[in-house]
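Undergrad: My structure is stored as entry-v8.txt, with compact mmCIF, C-alpha atoms and all ligand atoms.
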```
# COMPACT_ATOMS: atom_id res chain seq x y z
CA MET A 1 1.53 -28.76 10.61
CA SER A 2 2.20 -29.38 6.92
CA LYS A 3 2.68 -26.36 4.71
CA GLU A 4 -0.55 -27.04 2.74
CA LEU A 5 -2.57 -27.16 5.96
CA GLU A 6 -0.94 -23.97 7.18
CA VAL A 7 -1.69 -22.27 3.86
CA GLU A 8 -5.30 -23.43 4.02
CA LYS A 9 -5.68 -22.29 7.62
CA ARG A 10 -4.45 -18.84 6.66
CA ASN A 11 -6.47 -18.56 3.45
CA HIS A 12 -7.64 -14.94 3.38
CA ARG A 13 -10.98 -15.76 1.76
CA LYS A 14 -11.83 -18.16 4.55
CA LEU A 15 -10.55 -15.82 7.29
CA GLY A 16 -12.25 -12.90 5.53
CA LEU A 17 -15.57 -14.65 6.12
CA ASP A 18 -14.78 -16.03 9.61
CA LEU A 19 -13.59 -12.66 10.89
CA GLU A 20 -16.25 -10.79 8.90
CA LEU A 21 -13.78 -8.60 7.05
CA PHE A 22 -15.09 -8.63 3.47
CA MET A 23 -17.38 -10.49 1.12
CA SER A 24 -17.95 -10.96 -2.57
CA VAL A 25 -21.28 -11.11 -4.40
CA GLU A 26 -22.09 -12.50 -7.84
CA GLU A 27 -23.66 -9.17 -8.71
CA ALA A 28 -20.25 -7.45 -8.61
CA PRO A 29 -17.60 -10.00 -9.56
CA GLY A 30 -14.09 -9.05 -8.51
CA MET A 31 -15.33 -5.99 -6.62
CA PRO A 32 -15.08 -6.82 -2.93
CA ILE A 33 -17.48 -5.44 -0.35
CA PHE A 34 -15.87 -4.37 2.91
CA LEU A 35 -17.71 -5.28 6.09
CA PRO A 36 -17.47 -3.14 9.26
CA ASN A 37 -14.55 -5.18 10.68
CA GLY A 38 -12.71 -5.03 7.36
CA MET A 39 -13.21 -1.27 7.23
CA LEU A 40 -11.68 -0.88 10.70
CA LEU A 41 -8.58 -2.74 9.51
CA ARG A 42 -8.49 -0.88 6.21
CA ASN A 43 -8.90 2.50 7.91
CA GLU A 44 -5.90 1.77 10.15
CA LEU A 45 -3.78 0.99 7.07
CA GLU A 46 -4.91 4.17 5.36
CA LYS A 47 -4.46 6.27 8.48
CA TYR A 48 -0.89 5.04 8.89
CA TRP A 49 -0.27 5.70 5.19
CA LYS A 50 -1.63 9.25 5.35
CA GLU A 51 0.39 10.15 8.45
CA LYS A 52 3.63 8.79 7.00
CA HIS A 53 3.13 10.55 3.68
CA PHE A 54 2.23 13.84 5.29
CA ARG A 55 5.45 13.68 7.32
CA ALA A 56 7.45 12.78 4.20
CA GLY A 57 6.34 15.94 2.41
CA TYR A 58 3.56 14.52 0.24
CA GLN A 59 0.34 16.41 -0.52
CA GLU A 60 -2.82 14.33 -0.78
CA ILE A 61 -5.16 14.74 -3.75
CA LYS A 62 -8.29 13.02 -5.09
CA THR A 63 -8.92 12.83 -8.83
CA PRO A 64 -11.90 11.56 -10.91
CA ILE A 65 -12.58 7.90 -11.63
CA LEU A 66 -14.18 8.63 -15.01
CA MET A 67 -12.42 10.81 -17.58
CA LYS A 68 -12.88 11.47 -21.28
CA GLN A 69 -11.30 9.00 -23.65
CA GLU A 70 -9.03 11.64 -25.17
CA VAL A 71 -7.16 11.91 -21.87
CA TRP A 72 -6.18 8.26 -22.21
CA GLU A 73 -5.29 8.71 -25.87
CA GLN A 74 -2.95 11.52 -24.86
CA SER A 75 -1.38 9.56 -21.98
CA GLY A 76 -0.63 6.53 -24.13
CA HIS A 77 -2.96 4.25 -22.16
CA TRP A 78 -5.28 3.99 -25.19
CA ASP A 79 -2.48 2.56 -27.34
CA HIS A 80 -0.63 0.50 -24.74
CA TYR A 81 -3.11 -0.36 -21.98
CA HIS A 82 -6.46 -0.58 -23.80
CA ASP A 83 -7.17 -4.20 -22.88
CA SER A 84 -6.95 -3.42 -19.16
CA MET A 85 -9.56 -0.66 -19.16
CA TYR A 86 -13.33 -0.24 -18.87
CA PHE A 87 -15.13 2.20 -21.13
CA SER A 88 -18.36 4.11 -20.96
CA LYS A 89 -20.39 6.48 -23.13
CA TRP A 90 -22.60 9.39 -22.20
CA ASP A 91 -23.95 12.30 -24.23
CA GLN A 92 -22.17 11.14 -27.41
CA GLN A 93 -18.92 11.38 -25.51
CA ASN A 94 -16.57 8.43 -24.87
CA TYR A 95 -15.17 7.97 -21.40
CA ALA A 96 -12.86 5.51 -19.69
CA ILE A 97 -12.73 4.42 -16.06
CA LYS A 98 -9.24 5.04 -14.77
CA PRO A 99 -6.91 2.03 -14.55
CA MET A 100 -4.26 4.33 -13.00
CA SER A 101 -4.30 7.80 -11.45
CA CYS A 102 -1.45 9.41 -13.41
CA PRO A 103 -3.45 11.86 -15.57
CA GLY A 104 -5.27 13.27 -12.53
CA ALA A 105 -1.94 14.07 -10.83
CA ILE A 106 -0.72 15.69 -14.06
CA PHE A 107 -3.80 17.94 -14.12
CA VAL A 108 -2.96 19.05 -10.58
CA PHE A 109 0.64 19.80 -11.54
CA ASN A 110 -0.44 21.66 -14.69
CA SER A 111 -3.08 23.69 -12.86
CA LYS A 112 -0.53 26.41 -12.02
CA ARG A 113 2.66 27.91 -13.34
CA ARG A 114 5.39 26.03 -11.44
CA SER A 115 8.78 27.32 -10.42
CA TYR A 116 11.97 25.24 -9.93
CA ARG A 117 11.74 26.22 -6.27
CA GLU A 118 8.51 24.25 -5.82
CA LEU A 119 10.06 20.99 -7.01
CA PRO A 120 10.04 18.22 -6.00
CA MET A 121 6.23 18.11 -5.79
CA ARG A 122 4.77 14.92 -4.38
CA PHE A 123 1.06 14.25 -4.98
CA ALA A 124 -0.32 11.22 -3.14
CA GLU A 125 -3.66 9.62 -3.92
CA LEU A 126 -5.48 6.59 -2.61
CA GLY A 127 -6.99 6.11 -6.06
CA LEU A 128 -9.82 3.69 -6.80
CA VAL A 129 -9.00 2.05 -10.13
CA HIS A 130 -10.75 -0.60 -12.25
CA ARG A 131 -9.18 -3.19 -14.53
CA PRO A 132 -11.15 -5.99 -16.24
CA GLU A 133 -9.36 -9.13 -15.02
CA LEU A 134 -10.64 -12.40 -16.53
CA SER A 135 -13.47 -13.87 -14.46
CA GLY A 136 -11.62 -17.19 -14.06
CA SER A 137 -8.68 -15.47 -12.38
CA LEU A 138 -10.63 -13.53 -9.74
CA SER A 139 -9.84 -14.46 -6.16
CA GLY A 140 -10.84 -12.81 -2.87
CA LEU A 141 -8.86 -9.62 -2.43
CA LEU A 142 -5.83 -10.84 -4.35
CA ARG A 143 -7.11 -10.67 -7.92
CA VAL A 144 -9.87 -8.13 -8.25
CA ARG A 145 -11.36 -5.76 -10.80
CA SER A 146 -11.64 -2.73 -8.55
CA PHE A 147 -8.94 -1.77 -6.09
CA THR A 148 -7.29 1.17 -4.42
CA GLN A 149 -3.75 1.99 -5.42
CA ASP A 150 -1.75 3.86 -2.81
CA ASP A 151 -0.33 5.94 -5.56
CA ALA A 152 1.88 8.98 -5.64
CA HIS A 153 3.28 11.01 -8.50
CA LEU A 154 6.42 13.00 -7.95
CA PHE A 155 7.39 15.83 -10.27
CA VAL A 156 11.11 16.40 -9.98
CA ARG A 157 14.04 18.19 -11.62
CA GLU A 158 16.79 16.16 -13.27
CA ASP A 159 19.13 16.87 -10.33
CA GLN A 160 16.52 15.55 -7.86
CA VAL A 161 15.76 12.18 -9.44
CA GLU A 162 18.27 10.12 -7.47
CA SER A 163 17.69 11.71 -4.07
CA GLU A 164 13.90 11.40 -4.47
CA ILE A 165 14.14 7.73 -5.42
CA VAL A 166 16.35 7.16 -2.37
CA LYS A 167 13.67 8.76 -0.17
CA VAL A 168 11.01 6.50 -1.65
CA LEU A 169 13.26 3.46 -1.06
CA GLU A 170 13.60 4.49 2.57
CA LEU A 171 9.86 5.06 2.98
CA ILE A 172 9.12 1.64 1.50
CA ASP A 173 11.62 0.04 3.87
CA GLU A 174 9.97 1.77 6.83
CA PHE A 175 6.50 0.53 5.79
CA TYR A 176 7.49 -3.09 5.24
CA SER A 177 9.47 -3.20 8.49
CA LYS A 178 6.41 -1.94 10.36
CA PHE A 179 4.59 -5.15 9.33
CA GLY A 180 7.62 -7.38 9.80
CA PHE A 181 8.11 -8.11 6.10
CA GLN A 182 11.42 -8.94 4.48
CA TYR A 183 11.47 -8.11 0.77
CA LYS A 184 13.29 -8.65 -2.50
CA VAL A 185 13.98 -6.05 -5.16
CA GLU A 186 13.75 -6.36 -8.95
CA LEU A 187 14.58 -3.94 -11.73
CA SER A 188 12.03 -4.35 -14.52
CA THR A 189 13.20 -3.16 -17.92
CA ARG A 190 11.69 -2.10 -21.25
CA PRO A 191 8.70 -4.21 -22.33
CA GLU A 192 7.96 -5.17 -25.93
CA ASP A 193 5.12 -2.67 -26.15
CA TYR A 194 6.69 0.60 -25.07
CA MET A 195 6.39 4.31 -25.67
CA GLY A 196 9.29 6.70 -26.46
CA SER A 197 12.82 6.19 -27.74
CA GLU A 198 15.37 3.54 -26.85
CA GLN A 199 17.75 6.29 -25.72
CA ILE A 200 15.32 7.59 -23.10
CA TRP A 201 14.71 4.06 -21.87
CA GLU A 202 18.38 3.31 -21.59
CA HIS A 203 18.97 6.48 -19.59
CA ALA A 204 16.04 5.73 -17.26
CA GLU A 205 17.13 2.12 -16.70
CA LYS A 206 20.71 3.22 -15.96
CA THR A 207 19.45 5.78 -13.46
CA LEU A 208 17.40 3.24 -11.48
CA GLU A 209 20.25 0.76 -11.56
CA SER A 210 22.73 3.31 -10.26
CA VAL A 211 20.46 4.30 -7.34
CA LEU A 212 20.05 0.65 -6.33
CA LYS A 213 23.81 0.12 -6.49
CA LYS A 214 24.54 3.25 -4.47
CA LYS A 215 22.09 2.08 -1.80
CA ASN A 216 23.79 -1.33 -1.81
CA LEU A 217 20.47 -3.02 -2.44
CA GLU A 218 20.66 -6.46 -3.96
CA PHE A 219 18.40 -6.77 -6.97
CA ALA A 220 17.53 -9.09 -9.83
CA ILE A 221 16.78 -7.92 -13.36
CA ASN A 222 13.30 -8.72 -14.61
CA PRO A 223 13.67 -8.17 -18.35
CA GLY A 224 10.69 -6.79 -20.29
CA ASP A 225 8.42 -6.18 -17.29
CA GLY A 226 8.62 -2.36 -17.11
CA ALA A 227 5.54 -0.14 -17.47
CA PHE A 228 4.87 1.04 -21.03
CA TYR A 229 6.07 4.54 -20.09
CA GLY A 230 9.21 3.65 -18.12
CA PRO A 231 11.33 1.10 -16.24
CA LYS A 232 10.56 0.31 -12.60
CA ILE A 233 11.92 -1.05 -9.36
CA ASP A 234 9.55 -3.70 -7.99
CA PHE A 235 9.31 -4.90 -4.41
CA HIS A 236 8.35 -8.45 -3.50
CA ILE A 237 7.53 -8.94 0.16
CA LEU A 238 8.04 -12.28 1.87
CA ASP A 239 5.29 -13.46 4.20
CA ALA A 240 5.42 -15.71 7.27
CA LEU A 241 5.29 -18.80 5.05
CA GLY A 242 8.13 -17.56 2.85
CA ARG A 243 5.86 -16.83 -0.10
CA SER A 244 6.65 -13.73 -2.14
CA TRP A 245 4.13 -11.10 -3.26
CA GLN A 246 4.75 -8.19 -5.56
CA CYS A 247 3.60 -4.99 -3.87
CA GLY A 248 5.53 -1.75 -4.13
CA THR A 249 6.88 -0.15 -7.25
CA ILE A 250 8.92 2.90 -8.28
CA GLN A 251 8.64 3.93 -11.91
CA LEU A 252 10.73 6.51 -13.68
CA ASP A 253 8.94 8.33 -16.48
CA PHE A 254 10.34 10.89 -18.93
CA LEU A 255 7.44 10.50 -21.38
CA MET A 256 4.13 11.41 -19.76
CA PRO A 257 5.37 14.91 -18.78
CA GLU A 258 6.07 15.39 -22.48
CA LYS A 259 2.68 14.06 -23.60
CA PHE A 260 0.91 16.49 -21.28
CA ASP A 261 3.38 19.34 -21.78
CA CYS A 262 4.25 19.65 -18.06
CA GLN A 263 6.56 22.57 -17.37
CA TYR A 264 8.33 24.48 -14.67
CA ILE A 265 10.33 27.67 -14.91
CA ASP A 266 14.03 27.41 -14.07
CA GLU A 267 16.30 29.99 -12.39
CA ASP A 268 16.86 31.80 -15.68
CA ASN A 269 13.15 31.93 -16.42
CA ASN A 270 13.30 29.22 -19.08
CA PRO A 271 10.58 26.57 -19.34
CA CYS A 272 11.83 23.08 -18.42
CA ARG A 273 10.33 19.61 -18.45
CA PRO A 274 9.98 17.89 -15.07
CA ILE A 275 10.51 14.13 -14.71
CA MET A 276 7.78 11.98 -13.18
CA ILE A 277 8.16 9.23 -10.62
CA HIS A 278 5.12 6.99 -10.19
CA ARG A 279 5.25 4.92 -7.01
CA ALA A 280 3.15 2.74 -4.71
CA ILE A 281 4.00 1.03 -1.42
CA TYR A 282 1.09 -1.25 -0.52
CA GLY A 283 0.53 -1.58 -4.27
CA SER A 284 -3.17 -2.22 -3.84
CA VAL A 285 -4.73 -1.71 -0.42
CA GLU A 286 -7.03 -4.71 -1.01
CA ARG A 287 -4.21 -7.01 -2.07
CA PHE A 288 -2.02 -5.85 0.80
CA MET A 289 -4.87 -6.68 3.19
CA ALA A 290 -5.08 -10.19 1.71
CA ILE A 291 -1.35 -10.62 2.28
CA LEU A 292 -1.60 -9.29 5.85
CA ILE A 293 -4.50 -11.62 6.66
CA GLU A 294 -2.48 -14.62 5.47
CA HIS A 295 0.81 -13.39 6.96
CA PHE A 296 -0.71 -13.00 10.43
CA GLY A 297 -3.24 -15.80 9.96
CA GLY A 298 -5.85 -13.30 11.21
CA ASP A 299 -3.89 -12.71 14.45
CA PHE A 300 -3.31 -9.06 13.68
CA PRO A 301 -1.08 -6.92 15.86
CA LEU A 302 -3.14 -4.93 18.33
CA TRP A 303 -3.13 -1.69 16.30
CA LEU A 304 -4.61 -3.48 13.27
CA SER A 305 -7.11 -5.69 15.09
CA PRO A 306 -10.61 -4.61 14.09
CA ILE A 307 -11.88 -5.34 17.61
CA GLN A 308 -9.19 -4.94 20.25
CA ALA A 309 -11.11 -5.91 23.38
CA LYS A 310 -14.22 -7.97 24.01
CA ILE A 311 -16.17 -7.73 27.24
CA LEU A 312 -17.79 -10.95 28.41
CA PRO A 313 -20.32 -10.55 31.24
CA ILE A 314 -21.07 -13.86 32.96
CA ALA A 315 -24.72 -13.08 33.60
CA ASP A 316 -27.28 -10.33 32.97
CA ALA A 317 -26.61 -8.96 36.44
CA HIS A 318 -23.14 -7.92 35.26
CA LEU A 319 -24.32 -6.12 32.15
CA ASP A 320 -24.54 -2.58 33.56
CA PHE A 321 -20.99 -2.74 34.85
CA ALA A 322 -19.86 -4.28 31.54
CA LEU A 323 -21.42 -1.38 29.65
CA SER A 324 -19.64 1.16 31.83
CA VAL A 325 -16.29 -0.62 31.20
CA LYS A 326 -17.02 -0.54 27.47
CA SER A 327 -17.61 3.20 27.47
CA GLN A 328 -14.44 3.79 29.49
CA LEU A 329 -12.36 1.82 26.98
CA GLU A 330 -14.04 3.47 24.00
CA SER A 331 -13.43 6.93 25.38
CA GLU A 332 -9.71 6.03 25.24
CA GLY A 333 -10.06 5.02 21.58
CA ILE A 334 -9.92 1.26 22.22
CA ARG A 335 -12.17 -0.63 19.79
CA THR A 336 -14.43 -2.63 22.11
CA GLU A 337 -17.37 -5.01 21.75
CA ILE A 338 -19.58 -6.65 24.32
CA ASP A 339 -21.00 -10.19 24.18
CA ASP A 340 -24.31 -9.82 26.03
CA ARG A 341 -25.84 -13.11 24.88
CA VAL A 342 -27.20 -15.52 27.45
CA GLU A 343 -24.52 -18.16 26.88
CA LYS A 344 -22.03 -20.04 29.04
CA ILE A 345 -18.89 -17.99 29.71
CA GLY A 346 -16.69 -20.83 28.37
CA LEU A 347 -18.43 -20.62 25.01
CA LYS A 348 -18.14 -16.82 24.90
CA ILE A 349 -14.40 -17.07 25.55
CA ARG A 350 -13.94 -19.75 22.90
CA GLN A 351 -15.81 -17.74 20.30
CA ALA A 352 -13.93 -14.52 21.06
CA GLN A 353 -10.74 -16.55 20.77
CA MET A 354 -11.82 -17.86 17.37
CA LYS A 355 -12.46 -14.29 16.25
CA LYS A 356 -8.79 -13.65 17.23
CA ILE A 357 -9.68 -10.76 19.51
CA PRO A 358 -6.52 -9.73 21.40
CA TYR A 359 -8.07 -9.05 24.82
CA MET A 360 -11.09 -10.57 26.52
CA MET A 361 -12.46 -9.19 29.77
CA VAL A 362 -14.60 -11.45 31.89
CA ILE A 363 -16.95 -9.74 34.33
CA GLY A 364 -18.67 -11.58 37.19
CA ASP A 365 -19.65 -10.87 40.83
CA GLN A 366 -16.06 -10.52 42.02
CA GLU A 367 -15.17 -7.99 39.31
CA VAL A 368 -18.32 -5.92 39.90
CA ASN A 369 -17.57 -5.86 43.66
CA ASN A 370 -13.90 -4.97 43.18
CA ASN A 371 -14.54 -2.53 40.32
CA SER A 372 -12.11 -4.58 38.21
CA ILE A 373 -11.90 -6.88 35.19
CA ALA A 374 -10.50 -10.40 34.69
CA VAL A 375 -8.30 -10.16 31.59
CA ARG A 376 -7.44 -12.89 29.10
CA HIS A 377 -5.09 -12.55 26.15
CA ARG A 378 -5.71 -14.54 22.94
CA ASN A 379 -2.22 -16.13 23.05
CA GLU A 380 -1.06 -15.68 26.64
CA GLY A 381 -4.23 -16.89 28.35
CA ASN A 382 -5.24 -15.65 31.78
CA LEU A 383 -3.63 -12.33 32.82
CA GLY A 384 -5.47 -12.06 36.16
CA GLU A 385 -7.53 -9.31 37.73
CA TRP A 386 -6.89 -5.71 36.66
CA LYS A 387 -8.11 -2.28 37.66
CA ILE A 388 -9.66 -0.69 34.60
CA ASP A 389 -7.30 2.32 34.65
CA SER A 390 -4.16 0.20 34.71
CA PHE A 391 -5.49 -2.04 31.95
CA VAL A 392 -6.21 0.99 29.75
CA LYS A 393 -2.65 2.20 30.38
CA LYS A 394 -1.27 -1.20 29.42
CA ILE A 395 -3.18 -1.25 26.11
CA ILE A 396 -2.24 2.30 25.24
CA ALA A 397 1.41 1.58 25.96
CA GLU A 398 1.20 -1.48 23.73
CA LEU A 399 -0.36 0.57 20.93
ZN ZN B 401 1.09 6.78 -12.45
```
Do you think you could lay out the structure here as structure tokens?
TA:
Amino acid sequence: MSKELEVEKRNHRKLGLDLELFMSVEEAPGMPIFLPNGMLLRNELEKYWKEKHFRAGYQEIKTPILMKQEVWEQSGHWDHYHDSMYFSKWDQQNYAIKPMSCPGAIFVFNSKRRSYRELPMRFAELGLVHRPELSGSLSGLLRVRSFTQDDAHLFVREDQVESEIVKVLELIDEFYSKFGFQYKVELSTRPEDYMGSEQIWEHAEKTLESVLKKKNLEFAINPGDGAFYGPKIDFHILDALGRSWQCGTIQLDFLMPEKFDCQYIDEDNNPCRPIMIHRAIYGSVERFMAILIEHFGGDFPLWLSPIQAKILPIADAHLDFALSVKSQLESEGIRTEIDDRVEKIGLKIRQAQMKKIPYMMVIGDQEVNNNSIAVRHRNEGNLGEWKIDSFVKKIIAEL
């Protein structure tokens, strides 16, 4: 198959509709609506993310979408990020919809007197953000106006910067390997429109560079593409077709802690300024889903498949048994659907196959009599007759 055909076949907007994952409406341009199947996939991604972060010592938070304009003036977003924000007014008060979740994490850090012993603190947030992309550039889940950043903000001491960045590098590597992605690394340096002094920038850029060198990670320099508050390491994943997509980022920030007067108390009881690391792994959950859909061409690994097993009774007489199989699978946490339409079995199989459902279970007279199921796999074809218990064990082992 030519590359263009392959790209077209994997187009996430087309597959998004075919597999009923998400949709877009004119009434909310660039703000995708997730359908039940899409939510199942999305929830798996978020569940994996939450588990991994919990184990890596992160604490999850949730901060407001709408905050007063003065917050954004203080953070520097008003001066340096104004064109990428939505605004609102209520009760003679100006508000902005968050384009990033940084200030919320800072409020959490500043909510208590912090000791050097508590650091590093790692606040993770699946934060819904809005940015007004041009209408001509909107596309499926890839270029949107509302999306969820899998954000985290780390508050660290000077002596913890390198080791914390190394931990984030390792976490990112673990995530991308889980999905089978290779990736490339870039170091993005000071942009034209930046906040703070050249000295601080130079120090931050040197620090990121030295961590990458110590980890023996190959990287390219991407001049001028840093965030307005600090330089960053960017991660570009490579999909099955060899295309590269920017996803993860690690940003080193000496400035926002200053703007919001973040402090901790050191061993000698002196107030000190923590350093902030902003980081994301998926980047945007929506965008990452688009990449996954195209990478797998909709043939998701079993754990990500919205529907993992489809039961196909041959005739109405087999429906009761089919329903009992469904409830057995569901009680084991296997996401199962039943096709109870009065249609030819060949058609039911073909359609389940087109929906890329990993396992199909055909039920006819023989299966009802033997208390069994005839299993088909979407790629491997016929797997023969199985006892329900042993099939459940097989799926669970695979998961
Ligand atoms: Zn941030």
Undergrad: At a cut-off of 8 Å from (-9.8, -1.3, -15.7) in the coordinates of the file, what residues are picked up using only C-alpha atoms, written as a PDB file with C-alpha atoms, in the frame of the given file?
TA:
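result23.pdb, freshly written:
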```pdb
ATOM      1  CA  SER A  84      -6.950  -3.420 -19.160  1.00  0.00           C
ATOM      2  CA  MET A  85      -9.560  -0.660 -19.160  1.00  0.00           C
ATOM      3  CA  TYR A  86     -13.330  -0.240 -18.870  1.00  0.00           C
ATOM      4  CA  ILE A  97     -12.730   4.420 -16.060  1.00  0.00           C
ATOM      5  CA  LYS A  98      -9.240   5.040 -14.770  1.00  0.00           C
ATOM      6  CA  PRO A  99      -6.910   2.030 -14.550  1.00  0.00           C
ATOM      7  CA  VAL A 129      -9.000   2.050 -10.130  1.00  0.00           C
ATOM      8  CA  HIS A 130     -10.750  -0.600 -12.250  1.00  0.00           C
ATOM      9  CA  ARG A 131      -9.180  -3.190 -14.530  1.00  0.00           C
ATOM     10  CA  PRO A 132     -11.150  -5.990 -16.240  1.00  0.00           C
ATOM     11  CA  GLU A 133      -9.360  -9.130 -15.020  1.00  0.00           C
ATOM     12  CA  ARG A 145     -11.360  -5.760 -10.800  1.00  0.00           C
ATOM     13  CA  SER A 146     -11.640  -2.730  -8.550  1.00  0.00           C
TER      14      SER A 146
END
```
Undergrad: Go through A:Glu46, A:Glu6, A:Glu125, A:Asp253 one by one, measure the shortest atom-to-atom distance of each to A:Thr63 using all atoms listed in the file, and give the residue with the smallest value.
TA: A:Glu125
Undergrad: Near A:Phe155, within 6 Å and counting all atoms listed in the file, which residues show up once chain neighbours fewer than 4 positions away are dropped, as a PyMOL selection string?
TA: chain A and resi 120-121+274-276
Undergrad: For atom CA of A:Arg279 and atom CA of A:Phe300, determine how far apart the two atoms are, in Å to one decimal place.
TA: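 So the answer is 26.4 Å.
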Undergrad: Step by step, measure atom-to-atom distances between ligand ZN 401 (chain B) and each residue using all atoms listed in the file, keep those at most 6 Å, then write them as a PDB file with C-alpha atoms, in the frame of the given file.
TA:
```pdb
ATOM      1  CA  MET A 100      -4.260   4.330 -13.000  1.00  0.00           C
ATOM      2  CA  SER A 101      -4.300   7.800 -11.450  1.00  0.00           C
ATOM      3  CA  CYS A 102      -1.450   9.410 -13.410  1.00  0.00           C
ATOM      4  CA  HIS A 278       5.120   6.990 -10.190  1.00  0.00           C
TER       5      HIS A 278
END
```
Undergrad: Counting only C-alpha atoms, which of A:Asp266, A:Glu162, A:Glu192, A:Glu4 gets nearest to A:Ile250?
TA: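 Once distances to A:Ile250 are computed over only C-alpha atoms, the minimum belongs to A:Glu162.
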Undergrad: Looking at all atoms listed in the file, which of A:Ile237, A:Ile307, A:Leu187, A:Val144 is the one that sits closest to A:Pro36?
TA: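 Nearest candidate to A:Pro36 out of A:Ile237, A:Ile307, A:Leu187, A:Val144: A:Ile307.
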Undergrad: Considering only C-alpha atoms, return as a ChimeraX atom specification whatever protein or nucleic-acid residues lie within 7 Å of stretch 288-298 of chain A, sequence-local ones (same chain, fewer than 4 positions apart) excluded.
TA: /A:10-12,15,141-142,239-240,282,284,356
Undergrad: The selected residues should be written to file as a short mmCIF file (atom, residue, chain, number, x, y, z; two decimals), in the frame of the given file (atoms: C-alpha atoms).
TA:
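Listing of result-v8.cif after writing:
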```cif
data_model
loop_
_atom_site.label_atom_id
_atom_site.label_comp_id
_atom_site.auth_asym_id
_atom_site.auth_seq_id
_atom_site.Cartn_x
_atom_site.Cartn_y
_atom_site.Cartn_z
CA ARG A 10 -4.45 -18.84 6.66
CA ASN A 11 -6.47 -18.56 3.45
CA HIS A 12 -7.64 -14.94 3.38
CA LEU A 15 -10.55 -15.82 7.29
CA LEU A 141 -8.86 -9.62 -2.43
CA LEU A 142 -5.83 -10.84 -4.35
CA ASP A 239 5.29 -13.46 4.20
CA ALA A 240 5.42 -15.71 7.27
CA TYR A 282 1.09 -1.25 -0.52
CA SER A 284 -3.17 -2.22 -3.84
CA LYS A 356 -8.79 -13.65 17.23
#
```
Undergrad: Which distance in Å separates atom CA of A:Met256 and atom CA of A:Tyr229, to one decimal?
TA: 7.1 Å
Undergrad: Check the smallest atom-to-atom distance from each of A:Met31, A:Leu40, A:Leu252, A:Leu134 to A:Glu202 using only C-alpha atoms, then report the winner.
TA: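 Smallest separation from A:Glu202 among the options: A:Leu252.
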Undergrad: Between atom CA of A:Val168 and atom CA of A:Asn222, what is the distance, to one decimal in Å?
TA: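 Spanning atom CA of A:Val168 to atom CA of A:Asn222 is a straight-line distance of 20.1 Å.
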Undergrad: For A:Glu186, which residue out of A:Phe219, A:Phe147, A:Trp72, A:Tyr81 is the nearest one, using only C-alpha atoms?
TA: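 The shortest atom-to-atom distance to A:Glu186 comes from A:Phe219.
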Undergrad: If we draw a sphere of 10 Å around (8.8, -4.9, -10.2), which residues have at least one atom in it when counting all atoms listed in the file? Please report them as a list in words.
TA: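 With a cut-off of 10 Å, the residues come to Lys184, Val185, Glu186, Leu187, Ser188, Thr189, Ala220, Ile221, Asn222, Asp225, Gly226, Ala227, Pro231, Lys232, Ile233, Asp234, Phe235, His236, Gln246, Cys247, Gly248, Thr249, Ile250 and Gln251 of chain A.
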Undergrad: Determine, counting all atoms listed in the file, which protein, DNA and RNA residues have an atom within 12 Å of an atom of A:Val368; residues of the same chain fewer than 6 positions away are not included. Present the result as a PyMOL selection string.
TA: chain A and resi 313-315+317-325+362+374+385-388
Undergrad: When you look at A:Lys68 with a cut-off of 9 Å (counting all atoms listed in the file), what residues show up, excluding the ones that are within fewer than 3 positions of it in the same chain? I need them as a list in words.
TA: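 Close residues of A:Lys68: Val71, Trp72, Gln93, Asn94, Tyr95, Ala96 and Ile97 of chain A.
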Undergrad: Pick from A:Gly30, A:Pro223, A:Gly346, A:Gly230: nearest to A:Ile277, with only C-alpha atoms counted?
TA: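 Among A:Gly30, A:Pro223, A:Gly346, A:Gly230, it is A:Gly230 that comes nearest to A:Ile277.
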Undergrad: Which polymer residues have any atom within 12 Å of an atom of A:Phe54, counting only C-alpha atoms, with same-chain residues fewer than 5 positions away left out, as a PyMOL selection string?
TA: chain A and resi 47-49+59-61+122-125+152+171
Undergrad: Can you write out the residues you just picked, keeping C-alpha atoms, as a tab-separated table (two decimals), in the coordinates of the input?
TA:
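Below is the file that was written, again-v9.tsv:
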```
chain	number	residue	atom	x	y	z
A	47	LYS	CA	-4.46	6.27	8.48
A	48	TYR	CA	-0.89	5.04	8.89
A	49	TRP	CA	-0.27	5.70	5.19
A	59	GLN	CA	0.34	16.41	-0.52
A	60	GLU	CA	-2.82	14.33	-0.78
A	61	ILE	CA	-5.16	14.74	-3.75
A	122	ARG	CA	4.77	14.92	-4.38
A	123	PHE	CA	1.06	14.25	-4.98
A	124	ALA	CA	-0.32	11.22	-3.14
A	125	GLU	CA	-3.66	9.62	-3.92
A	152	ALA	CA	1.88	8.98	-5.64
A	171	LEU	CA	9.86	5.06	2.98
```
Undergrad: Hey, can I get the axis-aligned box for stretch 1-4 of chain A? All listed atoms, 8 Å padding on each side, centre and edge lengths in Å to one decimal, as JSON.
TA:
```
{"center_x": 1.1, "center_y": -27.9, "center_z": 6.7, "size_x": 19.2, "size_y": 19.0, "size_z": 23.9}
```
